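What follows is a single structure, written as structure tokens, with notes after it.
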Amino acid sequence: MKSFWLILSLLFVLLSCDQGLAPPPPERPTGIRGTVVFVSDWPPPDSVQELRVVAFQRFPFEDSAGIIAEVLAGRAFFSDTLPRFVDSATYEVLLQPPFPDTLRYVAVAWRYGPNLFGDWWVAAVYGSFSQDTVVPRKIPVIPQTVVESVDMRVDFRHLPPQPFE
Amino acid sequence: MMKRWQWVVLVAVLSWALSLPGWAQAVVTGIVVAKQSGRPIPGATVYLEKSKRGAVTQPDGRFVIANVPAGSDVLIVRSIGYRSYRQPLQLRSGDTLRLRIVLAEATIELQKVVVAASKRVQSAQEVPVSVSVVGIQNIELRGHTQLDQVLRYVPGVYVTRDQVNIRGTSGFALGIGSRTFVLLDGFPFLAGDGGDVKFDALPLFVARQVEVIKGGGSALYGSGALGGVVNVVTASPESERPVFRFRLQGGGYSLPKYSEWQYRSSPPLFASVDLAYARRWNSWALLAAGGYDTDEGYHAFYDSRRYRAFAKVEWKSDAHQLRIIGNFASNDRADWVYWRSLRFATLPPETVDTNQRVVSDKMFGGIHWQYLLSPQIVSDLKVSLYRTAFETVANGEPVTDFQSSANSWNVEEQLTATVGNAWTVTGGFQGIWNRIGESFVGRRNQRLLAAYAQVEWQYRPWVVTAGARWDLELLDVPRSRQSELSPKLGVVYQPVDFWQWRLSLGKGFRIPTMGERFSGLRYGPFLVKENPELKPEENWSAELGTTYQWFWQDELWKVELTAFSNWLTNLVEPRLLEGAVIQFVNVERAVVRGIEASIEGWLPHRWLGLQLHVLAVDPWDLSQRRFLKYRSRWLLQSRLILPLLPAVQVEGEYRYQKKFDTVDEEVARIIPDADARVDAHVVDLRCRVDLSSWLPVPIQAVLNVSNALNYYYTEVLANLAPFRAISLQLSSTLGATP
């Protein structure tokens, strides 16, 4: 009987303790998500090499070299390649720490030629634009939150003003 | 009326009749011996419960109780350190009952003889400071193969990776330096370069006991004994027949329950084997042992392999005793310190080269010649060499400059004189020469010279001890010289046999090791920068304690309460500088105060054994007005022993250690999640089965489950303590006296 109570007490002690340290819970992703709608006809296949959504934390850019510098410095974030010759496509741009406070320029980048570093046009911008000016809409970055409905429309016949000459 | 002559005749006849041994009275005589060794036990109390008659055994273990009334009685025999013994007796007039009483050693060790407290053999009850003794029985039972494993179970002691912390005196110093002086059979056993303890080098398989002296011991041992002294005492062969011992141990670690920590699919395994041979031939004796263990480690790239060998030769004559000791240990282990992150806590940082390993050798040789100059004066000459060497290798080739080899020579002559019945005088000279070769501290020569004396006055119920030691350090590069004087005073008051009061006051010091002063050591991502200006740290320590022992239905109980205080100046602690550089600096002033309480004993009829120890410490940095770094303020250790059957015993141990209040906050900015730490709750379970009843050879089997809760905690920073480990151990002693 004594042994029974002892074993019961031991079990109580064993079961009442927690497990100590544990890995932190997995971090939720940080970024933006949305839909790109293609409202015009697609250009010929040989001039649509790839399409991606790209988000920059700095804007405006001084020139095309400035954009490349932003990319190389890790201050630009890309989606996966979007499907081509479709009416619409969803996308997701996930950010890696350290997170910026704000995304200041989100656009659909269209590579029309074989040059990986030079043959790019901006096909759409998140925000508004006229013939001469573009007013990108800023997106605040909330860590571990994916901002939804960052949607854009692509009209291959009417591209927004390019951020560089 | 009776005439006068009739009265005379009557008285004479009665006197004659009463003087006859057979007239209504009996004699109980015999010998009391120890079960394990068969040796006589002197000083045991033998008495008869009903008739209230008794005796104390002589040095040869014999006793005589005369004039015992006839009838039934109960004989009770008690001796500290042994289980009490009861035997009903039926005594007839004129009987002379001859008995051989065998006392079994108590599993919970209550009363011990220690060497380290005063550099001579004495009862723990005569020592004015707190003493803990771990016997070989408990070392074997827990399956320990390294000293740090043993020390984790000593009351008031915890181990912070490489640092022994007795009552909060030590923090964490990257494995460099030690405020606990470590001895092997009384020989110094600290490395010459880092001044650190090589836990894996001590021959625990042949240890008789591990003595832990809590409180400053610099008055006898000099630099390094600021927080206490640990002495590993090896066994001496007693049997003239060959005695073989072996121990086989094998087991595995539990896989971590979190998938992020699972770096392999099968449990990592570990195994060890130890063998020993002992024999005495008249005046000669030999003890030889060897062992090997391998451990896959409970982290990725955390494996180790160790070899060890030990030999001791003894020669005794009437006036001389010569003891020669040789010890060797080799270790080959993977090398990383801090985790990648708490998410990947079982993996090393990505910057660690997992091909790198640390290979180390530790060699020790010592000669102890004890010579009886006269019946009152004993001379002890000790000469020893402790060589430590390590290097970092990849595929067998040295890959970095992180290497070192150091020789630590020690010569000591000690005289112990007994003057009259009350005085014991101990004095001696000691020289230590640390010669450091190519190493992370550069080539250095450090010489330590010392002289010490101690006087002990015993006048029951008082024992008063006073002593002092003077140390001189000479260093060649840079040329320097410094000296320290360490006095001490101790008083023991023992009003009755089982009640002791003790008071001690002493000064201690520690000269910073070569590692702390000149290190170019790399520890994880940190580089340790030299600080040649480091000053010796000093302390004054005081202790007031009491120990009371009593019998509860023939089972001995002990309760102990100690209050202590330690005032430290120039305490040497690591400090993080800019750019992951660490430097050892002097913390101006600190005080470590606390209380230690313990109770242990067996419940009636030995159905349950209990041990409970609590340590409460207030380690305060007076300069920065905050807790000292890497100190736990609470430590609780408990143990339950439940003998289920004569051959089966189960045990449970629980250890609680409060998490450190302060650590190096700056480290947390360099190592991911370094601040993740929790209180430690460690439960060990074990079951010991004596298979002797079923097998033709005496084999003990022990099933051990350490950290049975699989509780995840860190001992220092950013490195998980061992996971749950389940092991089976088989051990046997063949040829021993039954």
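Just remember, in the structure tokens the first chain shown is A, the second B, etc., residues are 1-based per chain, and ligands are 1-based in the order shown.
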
List as JSON lines every residue of chain A that is in contact with chain B, defined as an atom at most 6 Å from one of its atoms (using only C-alpha atoms), together with the nearest atom pair and the distance in Å rounded to one decimal, sorted by chain and then rising number.
{"residue": "A:Gln19", "atom": "CA", "partner": "B:Tyr711", "partner_atom": "CA", "distance": 4.9}
{"residue": "A:Gly20", "atom": "CA", "partner": "B:Tyr712", "partner_atom": "CA", "distance": 4.8}
{"residue": "A:Leu21", "atom": "CA", "partner": "B:Tyr712", "partner_atom": "CA", "distance": 5.1}
{"residue": "A:Pro23", "atom": "CA", "partner": "B:Arg343", "partner_atom": "CA", "distance": 4.5}

Could you pull the residues within 12 Å of stretch 550-559 of chain B, counting only C-alpha atoms, minus those fewer than 6 positions along the same chain, as an MDAnalysis selection string? chainID B and resid 49 75:86 106:111 496:500 596:614

If you keep C-alpha atoms, can you produce a file of those selected residues as a PDB file, in the first residue's frame?
ATOM      1  CA  GLU B  49      17.407  -3.529  25.433  1.00  0.00           C
ATOM      2  CA  LEU B  75      20.638  -7.371  21.563  1.00  0.00           C
ATOM      3  CA  ILE B  76      21.036  -4.154  19.595  1.00  0.00           C
ATOM      4  CA  VAL B  77      24.249  -3.182  17.817  1.00  0.00           C
ATOM      5  CA  ARG B  78      24.769   0.217  16.247  1.00  0.00           C
ATOM      6  CA  SER B  79      27.657   1.821  14.509  1.00  0.00           C
ATOM      7  CA  ILE B  80      27.633   4.932  12.400  1.00  0.00           C
ATOM      8  CA  GLY B  81      27.799   4.120   8.738  1.00  0.00           C
ATOM      9  CA  TYR B  82      26.238   0.695   9.220  1.00  0.00           C
ATOM     10  CA  ARG B  83      22.725  -0.626   9.460  1.00  0.00           C
ATOM     11  CA  SER B  84      21.679  -1.254  13.041  1.00  0.00           C
ATOM     12  CA  TYR B  85      21.354  -4.873  14.122  1.00  0.00           C
ATOM     13  CA  ARG B  86      18.775  -6.544  16.407  1.00  0.00           C
ATOM     14  CA  ALA B 106      24.379   1.768   5.209  1.00  0.00           C
ATOM     15  CA  THR B 107      23.377   2.611   1.639  1.00  0.00           C
ATOM     16  CA  ILE B 108      22.819   6.212   2.608  1.00  0.00           C
ATOM     17  CA  GLU B 109      26.239   7.248   3.744  1.00  0.00           C
ATOM     18  CA  LEU B 110      26.004   9.059   7.005  1.00  0.00           C
ATOM     19  CA  GLN B 111      29.399   9.036   8.586  1.00  0.00           C
ATOM     20  CA  VAL B 496      27.093  14.702  22.531  1.00  0.00           C
ATOM     21  CA  ASP B 497      28.228  12.015  20.145  1.00  0.00           C
ATOM     22  CA  PHE B 498      25.599  12.682  17.509  1.00  0.00           C
ATOM     23  CA  TRP B 499      25.432  16.437  17.636  1.00  0.00           C
ATOM     24  CA  GLN B 500      28.062  18.689  16.146  1.00  0.00           C
ATOM     25  CA  GLU B 596      22.166  24.831   2.979  1.00  0.00           C
ATOM     26  CA  ALA B 597      19.876  22.338   4.684  1.00  0.00           C
ATOM     27  CA  SER B 598      19.628  18.594   4.385  1.00  0.00           C
ATOM     28  CA  ILE B 599      17.916  15.640   5.960  1.00  0.00           C
ATOM     29  CA  GLU B 600      18.456  11.983   5.221  1.00  0.00           C
ATOM     30  CA  GLY B 601      17.677   8.597   6.679  1.00  0.00           C
ATOM     31  CA  TRP B 602      15.525   5.492   6.449  1.00  0.00           C
ATOM     32  CA  LEU B 603      11.936   5.137   7.520  1.00  0.00           C
ATOM     33  CA  PRO B 604      11.287   2.392  10.096  1.00  0.00           C
ATOM     34  CA  HIS B 605      11.789  -1.156   8.841  1.00  0.00           C
ATOM     35  CA  ARG B 606      13.849   0.300   5.987  1.00  0.00           C
ATOM     36  CA  TRP B 607      10.945   0.393   3.625  1.00  0.00           C
ATOM     37  CA  LEU B 608      11.987   3.757   2.237  1.00  0.00           C
ATOM     38  CA  GLY B 609      15.177   5.809   2.251  1.00  0.00           C
ATOM     39  CA  LEU B 610      14.986   9.582   1.930  1.00  0.00           C
ATOM     40  CA  GLN B 611      17.449  12.333   1.126  1.00  0.00           C
ATOM     41  CA  LEU B 612      16.560  15.976   0.714  1.00  0.00           C
ATOM     42  CA  HIS B 613      19.025  18.833   0.224  1.00  0.00           C
ATOM     43  CA  VAL B 614      18.206  22.469  -0.353  1.00  0.00           C
TER      44      VAL B 614
END

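A straight line drawn from atom CA of B:Ile41 to atom CA of B:Val121 is 17.0 Å long.
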
From stretch 18-86 of chain A, collect each residue whose DSSP state is alpha helix (DSSP H) and return the set as number ranges by chain. A: 64-72

Please identify all polymer residues within 12 Å of B:Leu204, counting only C-alpha atoms, omitting same-chain residues fewer than 3 positions from it, and present them as an NGL selection string. :B and (134-140 or 142-151 or 184-185 or 199-201 or 207-210 or 231-235 or 247 or 274-276 or 289-291 or 308-310 or 327 or 329)

Restricting it to N, CA and C atoms, dump the selection as a short mmCIF file (atom, residue, chain, number, x, y, z; two decimals), in the first residue's frame.
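Now in again_35.cif:
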data_model
loop_
_atom_site.label_atom_id
_atom_site.label_comp_id
_atom_site.auth_asym_id
_atom_site.auth_seq_id
_atom_site.Cartn_x
_atom_site.Cartn_y
_atom_site.Cartn_z
N VAL B 134 30.90 10.97 -1.50
CA VAL B 134 30.17 10.05 -2.38
C VAL B 134 30.96 8.76 -2.45
N GLY B 135 30.37 7.69 -1.99
CA GLY B 135 31.06 6.41 -1.97
C GLY B 135 30.96 5.70 -3.30
N ILE B 136 31.80 4.71 -3.47
CA ILE B 136 31.84 3.97 -4.74
C ILE B 136 30.50 3.32 -5.04
N GLN B 137 29.78 2.97 -3.97
CA GLN B 137 28.48 2.31 -4.16
C GLN B 137 27.53 3.19 -4.98
N ASN B 138 27.51 4.48 -4.64
CA ASN B 138 26.61 5.38 -5.36
C ASN B 138 27.15 5.75 -6.74
N ILE B 139 28.46 5.82 -6.86
CA ILE B 139 29.05 6.10 -8.18
C ILE B 139 28.69 4.97 -9.15
N GLU B 140 28.81 3.75 -8.66
CA GLU B 140 28.51 2.58 -9.51
C GLU B 140 27.03 2.51 -9.83
N ARG B 142 24.83 4.79 -10.09
CA ARG B 142 24.37 5.78 -11.07
C ARG B 142 25.07 5.61 -12.42
N GLY B 143 26.05 4.72 -12.46
CA GLY B 143 26.74 4.45 -13.72
C GLY B 143 27.60 5.60 -14.19
N HIS B 144 28.16 6.36 -13.27
CA HIS B 144 28.94 7.53 -13.66
C HIS B 144 30.34 7.14 -14.10
N THR B 145 30.80 7.78 -15.15
CA THR B 145 32.16 7.53 -15.63
C THR B 145 33.01 8.79 -15.61
N GLN B 146 32.38 9.95 -15.36
CA GLN B 146 33.14 11.20 -15.31
C GLN B 146 32.83 11.94 -14.01
N LEU B 147 33.81 12.71 -13.55
CA LEU B 147 33.66 13.38 -12.26
C LEU B 147 32.51 14.38 -12.26
N ASP B 148 32.29 15.09 -13.37
CA ASP B 148 31.20 16.08 -13.37
C ASP B 148 29.85 15.41 -13.15
N GLN B 149 29.70 14.19 -13.64
CA GLN B 149 28.44 13.47 -13.42
C GLN B 149 28.25 13.20 -11.92
N VAL B 150 29.33 12.85 -11.25
CA VAL B 150 29.26 12.58 -9.81
C VAL B 150 28.90 13.85 -9.05
N LEU B 151 29.55 14.96 -9.41
CA LEU B 151 29.39 16.20 -8.65
C LEU B 151 27.99 16.79 -8.80
N LEU B 184 43.70 14.14 -6.96
CA LEU B 184 43.61 12.69 -7.13
C LEU B 184 44.51 12.07 -6.06
N ASP B 185 43.91 11.37 -5.13
CA ASP B 185 44.66 10.79 -4.00
C ASP B 185 45.56 11.83 -3.32
N PHE B 199 37.49 16.55 -16.39
CA PHE B 199 36.60 15.61 -15.71
C PHE B 199 36.79 14.18 -16.17
N ASP B 200 37.12 14.01 -17.45
CA ASP B 200 37.20 12.66 -18.00
C ASP B 200 38.50 11.96 -17.62
N ALA B 201 39.43 12.67 -16.99
CA ALA B 201 40.74 12.08 -16.71
C ALA B 201 40.77 11.34 -15.38
N ALA B 207 37.73 4.41 -7.92
CA ALA B 207 37.63 5.32 -6.77
C ALA B 207 36.98 4.61 -5.59
N ARG B 208 37.47 4.92 -4.42
CA ARG B 208 36.80 4.44 -3.20
C ARG B 208 35.74 5.45 -2.78
N GLN B 209 36.09 6.72 -2.92
CA GLN B 209 35.13 7.76 -2.60
C GLN B 209 35.57 9.09 -3.22
N VAL B 210 34.62 9.98 -3.35
CA VAL B 210 34.89 11.34 -3.80
C VAL B 210 34.52 12.27 -2.65
N ASN B 231 38.38 15.78 -3.74
CA ASN B 231 39.46 14.80 -3.72
C ASN B 231 38.90 13.44 -4.15
N VAL B 232 39.46 12.89 -5.21
CA VAL B 232 39.07 11.55 -5.64
C VAL B 232 40.06 10.57 -5.01
N VAL B 233 39.54 9.72 -4.15
CA VAL B 233 40.40 8.78 -3.42
C VAL B 233 40.23 7.40 -4.05
N THR B 234 41.32 6.84 -4.53
CA THR B 234 41.22 5.52 -5.16
C THR B 234 41.30 4.43 -4.10
N ALA B 235 40.79 3.27 -4.49
CA ALA B 235 40.73 2.15 -3.55
C ALA B 235 42.13 1.57 -3.33
N ARG B 247 32.64 -3.74 -15.47
CA ARG B 247 31.37 -3.02 -15.63
C ARG B 247 31.12 -2.82 -17.12
N ASP B 274 34.61 -1.22 -18.47
CA ASP B 274 35.70 -0.99 -17.52
C ASP B 274 36.10 -2.30 -16.88
N LEU B 275 37.40 -2.46 -16.72
CA LEU B 275 37.93 -3.67 -16.09
C LEU B 275 38.95 -3.25 -15.03
N ALA B 276 39.02 -4.01 -13.97
CA ALA B 276 40.01 -3.71 -12.94
C ALA B 276 40.51 -5.01 -12.31
N ALA B 289 43.60 -0.86 -13.86
CA ALA B 289 42.27 -0.74 -14.48
C ALA B 289 42.39 -0.11 -15.85
N GLY B 290 41.41 -0.40 -16.67
CA GLY B 290 41.36 0.21 -18.00
C GLY B 290 39.93 0.29 -18.47
N GLY B 291 39.67 1.21 -19.35
CA GLY B 291 38.30 1.35 -19.81
C GLY B 291 38.22 2.07 -21.14
N ARG B 308 40.99 5.01 -21.21
CA ARG B 308 41.57 5.36 -19.92
C ARG B 308 42.30 4.14 -19.34
N ALA B 309 43.32 4.43 -18.56
CA ALA B 309 44.08 3.36 -17.89
C ALA B 309 44.59 3.91 -16.57
N PHE B 310 44.69 3.04 -15.60
CA PHE B 310 45.14 3.45 -14.27
C PHE B 310 45.90 2.30 -13.65
N ASN B 327 48.25 7.33 -14.36
CA ASN B 327 46.90 7.47 -14.90
C ASN B 327 46.99 8.07 -16.30
N ALA B 329 44.42 9.19 -19.78
CA ALA B 329 43.10 9.30 -20.40
C ALA B 329 43.24 10.00 -21.73
#

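Closest approach to A:Val53 among A:Ser88, A:Pro98, A:Met152, A:Pro26: A:Met152, based on only C-alpha atoms.
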
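Between atom CA of B:Thr733 and atom CA of B:Ser132 the separation is 26.0 Å.
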
Excluding B:Arg631 and residues on its chain fewer than 3 positions from it, collect all residues at most 8 Å away from it, counting only C-alpha atoms, and give them as a count of residues only. 9

Could you write out, as an MDAnalysis selection string, all the residues of chain A that DSSP marks as strand (DSSP E or B)? chainID A and resid 20 31:38 50:56 76:78 88:94 102:103 105:111 120:125 127:129 134:136 139:140 146:147 152:154

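Shell of A:Leu103 at 7 Å, with only C-alpha atoms counted and residues fewer than 4 places along the chain excluded, is Ala55, Phe56, Gln57, Lys138, Ile139, Pro140 and Val141 of chain A.
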
Could the residues in this selection be written to a file with C-alpha atoms, as a short mmCIF file (atom, residue, chain, number, x, y, z; two decimals), in the first residue's frame?
data_model
loop_
_atom_site.label_atom_id
_atom_site.label_comp_id
_atom_site.auth_asym_id
_atom_site.auth_seq_id
_atom_site.Cartn_x
_atom_site.Cartn_y
_atom_site.Cartn_z
CA ALA A 55 8.21 44.56 -54.90
CA PHE A 56 10.73 47.27 -54.03
CA GLN A 57 11.22 48.99 -50.72
CA LYS A 138 2.58 52.11 -50.64
CA ILE A 139 1.96 48.87 -48.78
CA PRO A 140 2.92 48.76 -45.08
CA VAL A 141 4.75 45.57 -44.15
#
